[in-house]
>>> print(open('work_4.cif').read())   # mmCIF, C-alpha atoms (C1' of nucleotides)
data_target
#
loop_
_atom_site.label_atom_id
_atom_site.label_comp_id
_atom_site.auth_asym_id
_atom_site.auth_seq_id
_atom_site.Cartn_x
_atom_site.Cartn_y
_atom_site.Cartn_z
CA MET A 59 -181.86 -69.96 92.59
CA VAL A 60 -184.89 -68.41 90.92
CA LYS A 61 -187.12 -69.68 93.63
CA ARG A 62 -190.06 -67.74 94.92
CA THR A 63 -188.74 -64.71 96.75
CA SER A 64 -188.91 -65.19 100.48
CA LEU A 65 -190.45 -62.51 102.62
CA ALA A 66 -188.63 -63.68 105.73
CA GLY A 67 -186.32 -61.03 107.06
CA ASN A 68 -188.46 -58.32 105.54
CA GLU A 69 -188.88 -55.32 107.79
CA CYS A 70 -192.60 -55.11 107.26
CA PRO A 71 -194.61 -57.08 109.80
CA ILE A 72 -197.30 -57.73 107.22
CA ALA A 73 -194.77 -59.30 104.88
CA ARG A 74 -193.36 -61.33 107.76
CA ALA A 75 -196.77 -62.74 108.53
CA LEU A 76 -197.38 -63.54 104.88
CA ASP A 77 -194.07 -65.35 104.80
CA VAL A 78 -195.50 -67.75 107.37
CA PHE A 79 -199.00 -68.37 106.04
CA GLY A 80 -199.38 -66.17 102.97
CA ASP A 81 -199.76 -68.95 100.46
CA TRP A 82 -202.88 -70.27 98.84
CA TRP A 83 -203.78 -72.91 101.44
CA SER A 84 -202.21 -72.23 104.82
CA LEU A 85 -204.82 -69.83 106.11
CA LEU A 86 -207.59 -72.23 105.19
CA ILE A 87 -205.85 -75.03 107.01
CA ILE A 88 -205.51 -72.76 110.04
CA ARG A 89 -209.17 -71.82 109.76
CA ASP A 90 -210.06 -75.50 109.82
CA ALA A 91 -207.77 -76.12 112.75
CA LEU A 92 -209.37 -73.26 114.68
CA ILE A 93 -212.84 -74.67 114.19
CA GLY A 94 -211.76 -78.01 115.56
CA ARG A 95 -210.52 -80.04 112.64
CA ARG A 96 -207.32 -81.85 113.50
CA ARG A 97 -206.75 -84.96 111.42
CA PHE A 98 -204.95 -85.13 108.09
CA GLY A 99 -207.97 -86.71 106.50
CA GLU A 100 -210.32 -84.09 107.90
CA PHE A 101 -208.31 -81.28 106.37
CA GLN A 102 -208.04 -83.11 103.10
CA ALA A 103 -211.73 -83.82 102.86
CA SER A 104 -212.72 -80.33 103.92
CA LEU A 105 -210.35 -78.44 101.66
CA GLY A 106 -210.10 -80.80 98.72
CA LEU A 107 -206.44 -80.08 98.16
CA ALA A 108 -203.84 -82.58 97.01
CA LYS A 109 -202.40 -84.70 99.78
CA ASN A 110 -198.80 -83.86 98.99
CA ILE A 111 -199.59 -80.16 99.25
CA LEU A 112 -201.42 -80.68 102.51
CA ALA A 113 -198.49 -82.65 103.85
CA THR A 114 -195.97 -79.93 103.04
CA ARG A 115 -198.22 -77.20 104.43
CA LEU A 116 -198.84 -79.05 107.68
CA ARG A 117 -195.12 -79.68 108.05
CA SER A 118 -194.40 -76.00 107.48
CA LEU A 119 -197.06 -74.85 109.93
CA VAL A 120 -195.70 -77.20 112.57
CA GLU A 121 -192.13 -76.02 111.94
CA ARG A 122 -193.20 -72.43 112.30
CA GLY A 123 -195.05 -73.02 115.52
CA ILE A 124 -198.61 -72.48 114.29
CA LEU A 125 -199.69 -76.06 114.79
CA LYS A 126 -198.29 -78.85 116.90
CA MET A 127 -198.63 -82.59 116.58
CA VAL A 128 -200.12 -84.48 119.48
CA PRO A 129 -201.21 -88.08 119.93
CA ALA A 130 -204.72 -88.60 118.65
CA SER A 131 -207.42 -87.86 121.20
CA ASP A 132 -209.35 -91.01 120.34
CA GLY A 133 -206.61 -93.27 121.64
CA SER A 134 -205.54 -94.48 118.22
CA ALA A 135 -201.91 -94.54 117.20
CA TYR A 136 -202.37 -91.59 114.82
CA GLN A 137 -201.37 -87.97 115.39
CA GLU A 138 -203.45 -84.85 115.41
CA TYR A 139 -202.60 -81.30 114.43
CA VAL A 140 -203.73 -78.74 116.96
CA PRO A 141 -203.18 -74.97 117.03
CA THR A 142 -200.59 -73.51 119.37
CA PRO A 143 -201.17 -70.13 121.04
CA LYS A 144 -199.36 -68.61 118.06
CA GLY A 145 -201.92 -70.37 115.89
CA HIS A 146 -204.85 -69.17 117.96
CA GLY A 147 -203.46 -65.66 117.53
CA ILE A 148 -204.41 -65.85 113.88
CA PHE A 149 -208.10 -65.77 114.73
CA PRO A 150 -208.48 -61.98 114.39
CA ILE A 151 -206.97 -62.16 110.91
CA LEU A 152 -209.58 -64.70 109.90
CA VAL A 153 -212.30 -62.53 111.38
CA ALA A 154 -211.03 -59.54 109.43
CA LEU A 155 -211.02 -61.54 106.21
CA ARG A 156 -214.53 -62.78 106.91
CA GLN A 157 -215.85 -59.32 107.64
CA TRP A 158 -214.30 -57.94 104.50
CA SER A 159 -216.15 -60.51 102.41
CA GLU A 160 -219.35 -59.90 104.31
CA GLU A 161 -219.10 -56.22 103.55
CA PHE A 162 -217.72 -56.14 100.03
CA ASP A 163 -218.44 -59.46 98.34
CA GLU A 164 -220.31 -59.18 95.04
CA ASP A 165 -222.40 -62.24 95.86
CA PRO A 166 -222.95 -62.21 99.60
CA ASP A 167 -225.76 -64.73 99.24
CA GLU A 168 -223.17 -67.38 98.53
CA ILE A 169 -221.64 -66.94 101.99
CA ALA A 170 -222.83 -69.84 104.08
CA THR A 171 -222.09 -68.78 107.64
CA THR A 172 -222.19 -65.91 110.09
CA LEU A 173 -219.87 -65.50 113.06
CA VAL A 174 -221.95 -65.13 116.20
CA ASP A 175 -221.19 -64.89 119.87
CA ARG A 176 -221.78 -68.28 121.38
CA GLU A 177 -223.68 -66.96 124.36
CA LYS A 178 -226.37 -64.93 122.63
CA GLY A 179 -226.13 -66.29 119.11
CA LYS A 180 -226.01 -62.76 117.68
CA PRO A 181 -223.57 -61.67 114.98
CA VAL A 182 -220.38 -60.18 116.33
CA LYS A 183 -219.52 -56.52 115.87
CA LYS A 184 -217.17 -55.30 113.22
CA LEU A 185 -213.56 -55.28 114.25
CA ALA A 186 -212.55 -51.73 114.93
CA LEU A 187 -209.28 -50.00 115.57
CA TYR A 188 -208.93 -47.71 118.57
CA SER A 189 -206.30 -45.32 119.83
CA GLN A 190 -204.99 -45.78 123.34
CA ASP A 191 -207.29 -43.02 124.51
CA GLY A 192 -210.31 -44.65 122.97
CA ARG A 193 -210.90 -42.85 119.67
CA MET A 194 -211.98 -45.09 116.81
CA LEU A 195 -209.42 -44.87 114.02
CA SER A 196 -209.68 -45.34 110.30
CA ALA A 197 -206.69 -45.80 108.04
CA VAL A 198 -206.21 -42.07 107.51
CA ASP A 199 -206.09 -41.47 111.25
CA THR A 200 -203.03 -43.65 111.53
CA ALA A 201 -199.40 -43.35 110.56
CA LEU A 202 -196.34 -45.56 110.47
CA LYS A 203 -193.59 -44.68 112.86
CA PHE A 204 -190.10 -46.08 112.45
CA ARG A 205 -188.84 -47.86 115.50
CA PRO A 206 -185.38 -46.57 116.37
CA THR A 207 -184.41 -49.90 117.91
CA ALA A 208 -185.14 -51.88 114.77
CA LYS A 209 -182.11 -53.51 113.22
CA ARG A 210 -182.48 -52.95 109.51
CA THR A 211 -182.19 -55.93 107.25
CA ARG A 212 -183.26 -55.75 103.62
CA ARG A 213 -185.80 -53.61 101.97
CA ALA A 214 -187.40 -50.48 103.32
CA SER A 215 -190.86 -51.84 102.48
CA ALA A 216 -192.94 -50.19 105.21
CA MET B 195 -207.33 -78.09 83.69
CA VAL B 196 -204.88 -78.81 86.46
CA LYS B 197 -204.65 -75.17 87.24
CA ARG B 198 -204.56 -73.79 90.73
CA THR B 199 -207.93 -74.55 92.26
CA SER B 200 -210.04 -71.45 92.41
CA LEU B 201 -211.66 -70.48 95.67
CA ALA B 202 -214.31 -68.35 93.99
CA GLY B 203 -217.78 -69.67 94.63
CA ASN B 204 -216.62 -71.19 97.89
CA GLU B 205 -219.11 -70.80 100.71
CA CYS B 206 -216.54 -69.66 103.20
CA PRO B 207 -216.09 -65.91 103.32
CA ILE B 208 -212.46 -66.37 104.27
CA ALA B 209 -211.83 -68.45 101.17
CA ARG B 210 -213.70 -65.91 99.07
CA ALA B 211 -211.45 -63.14 100.31
CA LEU B 212 -208.35 -65.22 99.67
CA ASP B 213 -209.58 -65.84 96.16
CA VAL B 214 -209.31 -62.10 95.57
CA PHE B 215 -205.99 -61.24 97.22
CA GLY B 216 -204.74 -64.47 98.79
CA ASP B 217 -201.65 -64.84 96.65
CA TRP B 218 -198.09 -64.08 97.50
CA TRP B 219 -198.03 -60.43 96.35
CA SER B 220 -201.49 -58.90 96.23
CA LEU B 221 -201.75 -57.97 99.88
CA LEU B 222 -198.37 -56.28 99.76
CA ILE B 223 -199.43 -54.28 96.73
CA ILE B 224 -202.58 -53.28 98.57
CA ARG B 225 -200.52 -52.35 101.63
CA ASP B 226 -198.40 -50.11 99.44
CA ALA B 227 -201.46 -48.59 97.83
CA LEU B 228 -202.95 -47.84 101.24
CA ILE B 229 -199.84 -46.00 102.37
CA GLY B 230 -199.96 -43.80 99.32
CA ARG B 231 -197.94 -45.54 96.65
CA ARG B 232 -199.72 -45.40 93.33
CA ARG B 233 -197.38 -45.68 90.37
CA PHE B 234 -196.28 -48.90 88.70
CA GLY B 235 -192.67 -48.01 89.27
CA GLU B 236 -193.24 -47.22 92.93
CA PHE B 237 -194.74 -50.63 93.57
CA GLN B 238 -192.01 -52.32 91.64
CA ALA B 239 -189.21 -50.53 93.46
CA SER B 240 -190.81 -51.03 96.84
CA LEU B 241 -191.65 -54.69 96.47
CA GLY B 242 -188.88 -55.85 94.17
CA LEU B 243 -191.12 -58.25 92.30
CA ALA B 244 -190.95 -59.07 88.61
CA LYS B 245 -192.70 -56.54 86.42
CA ASN B 246 -194.87 -59.07 84.64
CA ILE B 247 -196.16 -60.35 87.97
CA LEU B 248 -196.85 -56.83 89.12
CA ALA B 249 -198.68 -56.14 85.88
CA THR B 250 -200.93 -59.18 86.22
CA ARG B 251 -201.61 -58.49 89.88
CA LEU B 252 -202.50 -54.87 89.27
CA ARG B 253 -204.78 -55.89 86.43
CA SER B 254 -206.49 -58.44 88.66
CA LEU B 255 -206.90 -56.01 91.53
CA VAL B 256 -208.42 -53.44 89.20
CA GLU B 257 -210.77 -56.05 87.70
CA ARG B 258 -211.89 -57.08 91.14
CA GLY B 259 -212.56 -53.55 92.26
CA ILE B 260 -209.78 -53.20 94.83
CA LEU B 261 -207.85 -50.58 92.89
CA LYS B 262 -208.87 -48.24 90.14
CA MET B 263 -206.81 -46.49 87.51
CA VAL B 264 -206.91 -42.72 87.39
CA PRO B 265 -204.94 -40.13 85.45
CA ALA B 266 -201.71 -39.33 87.21
CA SER B 267 -201.99 -36.59 89.81
CA ASP B 268 -198.85 -34.86 88.59
CA GLY B 269 -200.43 -33.93 85.27
CA SER B 270 -198.35 -36.39 83.25
CA ALA B 271 -199.94 -38.72 80.72
CA TYR B 272 -199.39 -41.76 82.95
CA GLN B 273 -201.96 -43.55 85.10
CA GLU B 274 -202.05 -44.17 88.81
CA TYR B 275 -203.51 -47.03 90.80
CA VAL B 276 -205.56 -45.88 93.76
CA PRO B 277 -207.59 -47.92 96.24
CA THR B 278 -211.37 -48.00 95.93
CA PRO B 279 -213.57 -48.14 99.04
CA LYS B 280 -213.42 -51.92 98.67
CA GLY B 281 -209.65 -51.59 98.75
CA HIS B 282 -209.69 -49.34 101.79
CA GLY B 283 -211.83 -51.98 103.47
CA ILE B 284 -208.79 -54.25 103.53
CA PHE B 285 -207.06 -52.02 106.06
CA PRO B 286 -208.25 -53.98 109.12
CA ILE B 287 -206.88 -57.18 107.61
CA LEU B 288 -203.47 -55.55 107.27
CA VAL B 289 -203.68 -54.30 110.84
CA ALA B 290 -204.53 -57.80 112.04
CA LEU B 291 -201.56 -59.26 110.14
CA ARG B 292 -199.28 -56.59 111.57
CA GLN B 293 -200.44 -57.15 115.11
CA TRP B 294 -199.98 -60.89 114.79
CA SER B 295 -196.36 -60.39 113.80
CA GLU B 296 -195.84 -57.86 116.55
CA GLU B 297 -197.12 -60.36 119.08
CA PHE B 298 -195.72 -63.64 117.83
CA ASP B 299 -192.73 -62.98 115.60
CA GLU B 300 -189.55 -64.77 116.63
CA ASP B 301 -187.45 -61.73 115.76
CA PRO B 302 -189.54 -58.69 116.59
CA ASP B 303 -186.44 -56.49 116.47
CA GLU B 304 -186.44 -56.87 112.72
CA ILE B 305 -189.82 -55.15 112.46
CA ALA B 306 -189.16 -51.62 111.30
CA THR B 307 -192.40 -49.79 112.00
CA THR B 308 -195.18 -49.30 114.50
CA LEU B 309 -198.72 -48.27 113.66
CA VAL B 310 -199.61 -45.17 115.63
CA ASP B 311 -202.57 -42.85 115.74
CA ARG B 312 -201.71 -39.79 113.75
CA GLU B 313 -203.01 -37.35 116.31
CA LYS B 314 -201.10 -38.49 119.38
CA GLY B 315 -198.37 -40.56 117.80
CA LYS B 316 -199.07 -43.42 120.21
CA PRO B 317 -199.32 -47.06 119.16
CA VAL B 318 -202.85 -48.17 118.38
CA LYS B 319 -204.70 -50.68 120.54
CA LYS B 320 -204.98 -54.31 119.61
CA LEU B 321 -207.93 -55.12 117.42
CA ALA B 322 -210.56 -56.78 119.52
CA LEU B 323 -213.77 -58.58 118.79
CA TYR B 324 -216.92 -57.59 120.62
CA SER B 325 -220.44 -58.97 120.86
CA GLN B 326 -223.30 -56.66 120.07
CA ASP B 327 -223.83 -56.12 123.78
CA GLY B 328 -220.24 -55.14 124.32
CA ARG B 329 -218.53 -58.25 125.68
CA MET B 330 -215.04 -58.84 124.36
CA LEU B 331 -214.91 -62.17 122.56
CA SER B 332 -212.14 -64.66 121.97
CA ALA B 333 -212.35 -67.45 119.43
CA VAL B 334 -213.93 -69.89 121.87
CA ASP B 335 -216.69 -67.41 122.67
CA THR B 336 -217.82 -67.48 119.08
CA ALA B 337 -219.61 -69.95 116.85
CA LEU B 338 -220.47 -70.27 113.20
CA LYS B 339 -224.14 -70.11 112.36
CA PHE B 340 -225.41 -71.26 108.99
CA ARG B 341 -227.41 -68.66 107.18
CA PRO B 342 -230.68 -70.16 106.02
CA THR B 343 -230.86 -67.80 103.06
CA ALA B 344 -227.50 -68.83 101.67
CA LYS B 345 -227.65 -70.57 98.32
CA ARG B 346 -225.27 -73.50 98.54
CA THR B 347 -222.71 -73.89 95.84
CA ARG B 348 -219.78 -76.24 96.27
CA ARG B 349 -218.01 -77.40 99.34
CA ALA B 350 -219.23 -77.22 102.90
CA SER B 351 -215.97 -75.58 103.98
CA ALA B 352 -217.18 -73.46 106.90
"C1'" DC C 1101 -205.69 -113.03 108.85
"C1'" DC C 1102 -207.61 -110.08 105.31
"C1'" DA C 1103 -209.62 -105.88 103.68
"C1'" DT C 1104 -209.84 -101.25 104.42
"C1'" DT C 1105 -208.64 -96.82 106.21
"C1'" DC C 1106 -205.13 -93.47 107.38
"C1'" DG C 1107 -201.35 -90.70 106.47
"C1'" DG C 1108 -198.53 -89.89 103.80
"C1'" DT C 1109 -194.55 -90.27 99.48
"C1'" DT C 1110 -193.25 -90.53 94.60
"C1'" DG C 1111 -193.43 -89.42 89.68
"C1'" DC C 1112 -195.18 -86.86 86.13
"C1'" DA C 1113 -197.77 -83.16 83.81
"C1'" DT C 1114 -199.22 -78.50 84.22
"C1'" DT C 1115 -199.01 -73.85 85.94
"C1'" DA C 1116 -196.78 -69.95 88.21
"C1'" DT C 1117 -192.85 -67.17 89.20
"C1'" DT C 1118 -188.66 -65.21 88.01
"C1'" DA C 1119 -185.13 -62.46 85.60
"C1'" DA C 1120 -183.81 -60.46 81.60
"C1'" DA C 1121 -184.40 -58.66 77.20
"C1'" DC C 1122 -187.35 -56.03 74.41
"C1'" DT C 1123 -190.95 -52.41 73.08
"C1'" DA C 1124 -193.76 -48.44 72.82
"C1'" DT C 1125 -194.86 -44.19 74.66
"C1'" DG C 1126 -193.84 -40.17 77.47
"C1'" DT C 1127 -190.66 -36.82 79.24
"C1'" DT C 1128 -186.43 -33.96 79.63
"C1'" DG C 1129 -182.36 -31.43 78.50
"C1'" DC C 1130 -180.38 -28.83 75.04
"C1'" DG D 637 -187.12 -30.68 67.52
"C1'" DC D 638 -184.36 -34.33 68.76
"C1'" DA D 639 -181.44 -37.29 71.28
"C1'" DA D 640 -181.35 -39.49 75.73
"C1'" DC D 641 -183.67 -41.24 79.31
"C1'" DA D 642 -187.76 -42.76 82.16
"C1'" DT D 643 -192.11 -45.23 82.48
"C1'" DA D 644 -195.01 -48.97 82.01
"C1'" DG D 645 -195.46 -52.51 80.50
"C1'" DT D 646 -194.91 -57.43 77.19
"C1'" DT D 647 -192.28 -61.43 75.72
"C1'" DT D 648 -189.23 -65.25 76.33
"C1'" DA D 649 -187.00 -68.95 78.53
"C1'" DA D 650 -185.61 -71.23 82.70
"C1'" DT D 651 -186.83 -72.84 87.24
"C1'" DA D 652 -189.99 -73.72 91.03
"C1'" DA D 653 -194.51 -74.73 92.84
"C1'" DT D 654 -198.81 -77.07 92.28
"C1'" DG D 655 -202.04 -80.68 91.12
"C1'" DC D 656 -203.20 -85.42 90.17
"C1'" DA D 657 -202.89 -90.17 90.38
"C1'" DA D 658 -200.63 -94.15 91.70
"C1'" DC D 659 -198.32 -96.31 95.20
"C1'" DC D 660 -196.97 -97.85 100.05
"C1'" DG D 661 -196.46 -99.11 104.85
"C1'" DA D 662 -198.64 -98.93 109.32
"C1'" DA D 663 -203.05 -99.13 111.91
"C1'" DT D 664 -207.56 -100.58 112.35
"C1'" DG D 665 -211.75 -103.41 111.94
"C1'" DG D 666 -214.04 -107.55 111.21
#
>>> encode(input="work_4.cif", output="structure tokens")
Amino acid sequence: MVKRTSLAGNECPIARALDVFGDWWSLLIIRDALIGRRRFGEFQASLGLAKNILATRLRSLVERGILKMVPASDGSAYQEYVPTPKGHGIFPILVALRQWSEEFDEDPDEIATTLVDREKGKPVKKLALYSQDGRMLSAVDTALKFRPTAKRTRRASA
Amino acid sequence: MVKRTSLAGNECPIARALDVFGDWWSLLIIRDALIGRRRFGEFQASLGLAKNILATRLRSLVERGILKMVPASDGSAYQEYVPTPKGHGIFPILVALRQWSEEFDEDPDEIATTLVDREKGKPVKKLALYSQDGRMLSAVDTALKFRPTAKRTRRASA
DNA sequence: CCATTCGGTTGCATTATTAAACTATGTTGC
DNA sequence: GCAACATAGTTTAATAATGCAACCGAATGG
């Protein structure tokens, strides 16, 4: 009854996303999945989290359509966890998180990797937000507009 | 000793960002702060979280340089929490989360708001990743390159 | 076969979250 | 100036989530 308050059904799309993968480990599991890790043991070794936690997270991510289970690619009887299109859609979020650390981290020397374009090997550009007519937008150039069609549910939120 | 494993000192910039605001509430507090909410009571009313949790989160976000406390703008003796530049830098992450929900949510009708450019009132474009020479990149067009200068710390991670 | 790896589950201790009550200032109406 | 209320928290106690280690069955490897 006093369980962690769910963000599902919230009107804010940010809260809705966090409801799916806003916990301590899910995004890191998704990160691993997007760079090609797919076996239970791979995730566990890479992340160093408890196996029961990993099991519940993987189950949740499969339930919510971020990952899917497929027969192992090496012909063994085991299963693999691979990202769905919905899972691949999380890539820009990971890029945004990465770029924030690259720009604002106190100890950038501790960051081990750079995201580069595979073809040229050069660092990618910063993600940027544009208007439909091509102007680059910062936060103050934007506003939130209420959608008239939205069926209200719980909290106003944003 | 068995406390939640810290992600600080991790080599992965994504993990480092999550160490700062990767919990259940911080990003929502930051979202609120970026749309102009600044008083303790405003956050509490908007988010509906327990006041002790809000207090610890605000303290943490101030410590980590995401928010800063300033005298209240209305001349009262109270304080306000306002985003620092480091806090404003989180905006693209929120946009990425929003756009993911807009694209993949099962119940998009429950989403109350759209992000528009203030000048024209039109929805913003999708965040996109570009190479330095202007090619649009998807996840498979990118790679992770190890930075030779990085001083290794703990886990390989990514 | 037999030992080992893989992919979990179970039980227990610790930590985090929650709601509610309480407190200390600050503000407002009179 | 003072009672009443608002603000911004802290404290307390209950419940839920997390972490760790031990276990377990199926799959694999030799």
>>> residues_around(input="work_4.cif", residues="Arg232 of chain B", least_positions_apart="4", cutoff="9 Å", atoms="all atoms listed in the file", output="list in words")
Asp226, Ala227, Leu228, Glu236, Phe237, Ala266, Gln273, Glu274, Tyr275, Val276 and Pro277 of chain B
>>> interface_residues(input="work_4.cif", of="chain C", to="chain B", cutoff="10 Å", atoms="all atoms listed in the file", output="list in words")
DA1113, DT1114, DT1115, DA1116, DT1117, DT1118, DA1119, DT1125, DG1126 and DT1127 of chain C
>>> resolve_selection(input="work_4.cif", expression="the PyMOL selection byres ((chain B and resi 229) around 9)", output="JSON, numbers by chain")
{"A": [197, 201, 202, 216], "B": [224, 225, 226, 227, 228, 230, 231]}
>>> residues_around(input="work_4.cif", residues="Arg117 of chain A", least_positions_apart="6", cutoff="12 Å", atoms="all atoms listed in the file", output="number ranges by chain")
A: 78, 84, 87, 98, 110-111, 123-127, 139; C: 1108
>>> atom_distance(input="work_4.cif", atom1="atom CA of Glu168 of chain A", atom2="atom CA of Gln102 of chain A")
22.3 Å
>>> resolve_selection(input="work_4.cif", expression="the PyMOL selection byres ((chain C and resi 1105) around 12)", output="PyMOL selection string")
(chain A and resi 99+136) or (chain C and resi 1103-1104+1106-1107) or (chain D and resi 662-665)
>>> closest_residue(input="work_4.cif", among="C:DC1112, C:DC1101, C:DC1130, C:DA1120", to="DA639 of chain D", atoms="all atoms listed in the file")
C:DC1130
>>> interface_residues(input="work_4.cif", of="chain B", to="chain A", cutoff="7 Å", atoms="all atoms listed in the file", output="PyMOL selection string")
chain B and resi 205-211+216-218+222+240-241+280+283-288+290-292+294-296+298+303-312+318-319+321-326+333+335-341+344-346+351-352
>>> interface_residues(input="work_4.cif", of="chain D", to="chain A", cutoff="7 Å", atoms="all atoms listed in the file", output="PyMOL selection string")
chain D and resi 651-652+655
>>> atom_distance(input="work_4.cif", atom1="atom CA of Val120 of chain A", atom2="atom CA of Gly133 of chain A")
21.4 Å
>>> atom_distance(input="work_4.cif", atom1="atom CA of Thr278 of chain B", atom2="atom C1' of DT646 of chain D")
26.7 Å
>>> residues_near_point(input="work_4.cif", point="(-197.4, -90.9, 89.7)", cutoff="9 Å", atoms="all atoms listed in the file", output="ChimeraX atom specification")
/C:1110-1112 /D:656-659
>>> resolve_selection(input="work_4.cif", expression="the PyMOL selection byres ((chain C and resi 1123) around 12)", output="JSON, numbers by chain")
{"C": [1121, 1122, 1124, 1125], "D": [643, 644, 645, 646, 647]}
>>> write_last_selection(input="work_4.cif", atoms="C-alpha atoms (C1' of nucleotides)", output="mmCIF file, in the frame of the given file")
data_model
loop_
_atom_site.group_PDB
_atom_site.id
_atom_site.type_symbol
_atom_site.label_atom_id
_atom_site.label_comp_id
_atom_site.auth_asym_id
_atom_site.auth_seq_id
_atom_site.Cartn_x
_atom_site.Cartn_y
_atom_site.Cartn_z
ATOM 1 C "C1'" DA C 1121 -184.400 -58.660 77.200
ATOM 2 C "C1'" DC C 1122 -187.350 -56.030 74.410
ATOM 3 C "C1'" DA C 1124 -193.760 -48.440 72.820
ATOM 4 C "C1'" DT C 1125 -194.860 -44.190 74.660
ATOM 5 C "C1'" DT D 643 -192.110 -45.230 82.480
ATOM 6 C "C1'" DA D 644 -195.010 -48.970 82.010
ATOM 7 C "C1'" DG D 645 -195.460 -52.510 80.500
ATOM 8 C "C1'" DT D 646 -194.910 -57.430 77.190
ATOM 9 C "C1'" DT D 647 -192.280 -61.430 75.720
#
>>> build_atoms(input="work_4.cif", residues="segment 82-93 of chain A", atoms="N, CA, C and O atoms", output="short mmCIF file (atom, residue, chain, number, x, y, z; two decimals), in the coordinates of the input")
data_model
loop_
_atom_site.label_atom_id
_atom_site.label_comp_id
_atom_site.auth_asym_id
_atom_site.auth_seq_id
_atom_site.Cartn_x
_atom_site.Cartn_y
_atom_site.Cartn_z
N TRP A 82 -201.50 -70.02 99.23
CA TRP A 82 -202.88 -70.27 98.84
C TRP A 82 -203.68 -71.07 99.87
O TRP A 82 -204.89 -70.93 100.00
N TRP A 83 -203.03 -71.97 100.62
CA TRP A 83 -203.78 -72.91 101.44
C TRP A 83 -203.62 -72.74 102.94
O TRP A 83 -204.51 -73.12 103.73
N SER A 84 -202.51 -72.19 103.38
CA SER A 84 -202.21 -72.23 104.82
C SER A 84 -203.30 -71.63 105.68
O SER A 84 -203.70 -72.20 106.70
N LEU A 85 -203.82 -70.47 105.27
CA LEU A 85 -204.82 -69.83 106.11
C LEU A 85 -206.09 -70.67 106.20
O LEU A 85 -206.77 -70.67 107.23
N LEU A 86 -206.39 -71.39 105.14
CA LEU A 86 -207.59 -72.23 105.19
C LEU A 86 -207.39 -73.44 106.09
O LEU A 86 -208.30 -73.87 106.79
N ILE A 87 -206.16 -73.94 106.09
CA ILE A 87 -205.85 -75.03 107.01
C ILE A 87 -205.96 -74.53 108.45
O ILE A 87 -206.54 -75.19 109.32
N ILE A 88 -205.44 -73.34 108.69
CA ILE A 88 -205.51 -72.76 110.04
C ILE A 88 -206.96 -72.51 110.43
O ILE A 88 -207.38 -72.79 111.56
N ARG A 89 -207.74 -71.99 109.51
CA ARG A 89 -209.17 -71.82 109.76
C ARG A 89 -209.78 -73.13 110.20
O ARG A 89 -210.47 -73.19 111.23
N ASP A 90 -209.52 -74.20 109.46
CA ASP A 90 -210.06 -75.50 109.82
C ASP A 90 -209.59 -75.92 111.20
O ASP A 90 -210.38 -76.44 112.00
N ALA A 91 -208.31 -75.71 111.46
CA ALA A 91 -207.77 -76.12 112.75
C ALA A 91 -208.46 -75.34 113.88
O ALA A 91 -208.74 -75.90 114.94
N LEU A 92 -208.76 -74.08 113.63
CA LEU A 92 -209.37 -73.26 114.68
C LEU A 92 -210.84 -73.58 114.89
O LEU A 92 -211.42 -73.21 115.92
N ILE A 93 -211.47 -74.25 113.92
CA ILE A 93 -212.84 -74.67 114.19
C ILE A 93 -212.90 -76.15 114.56
O ILE A 93 -213.94 -76.78 114.51
#
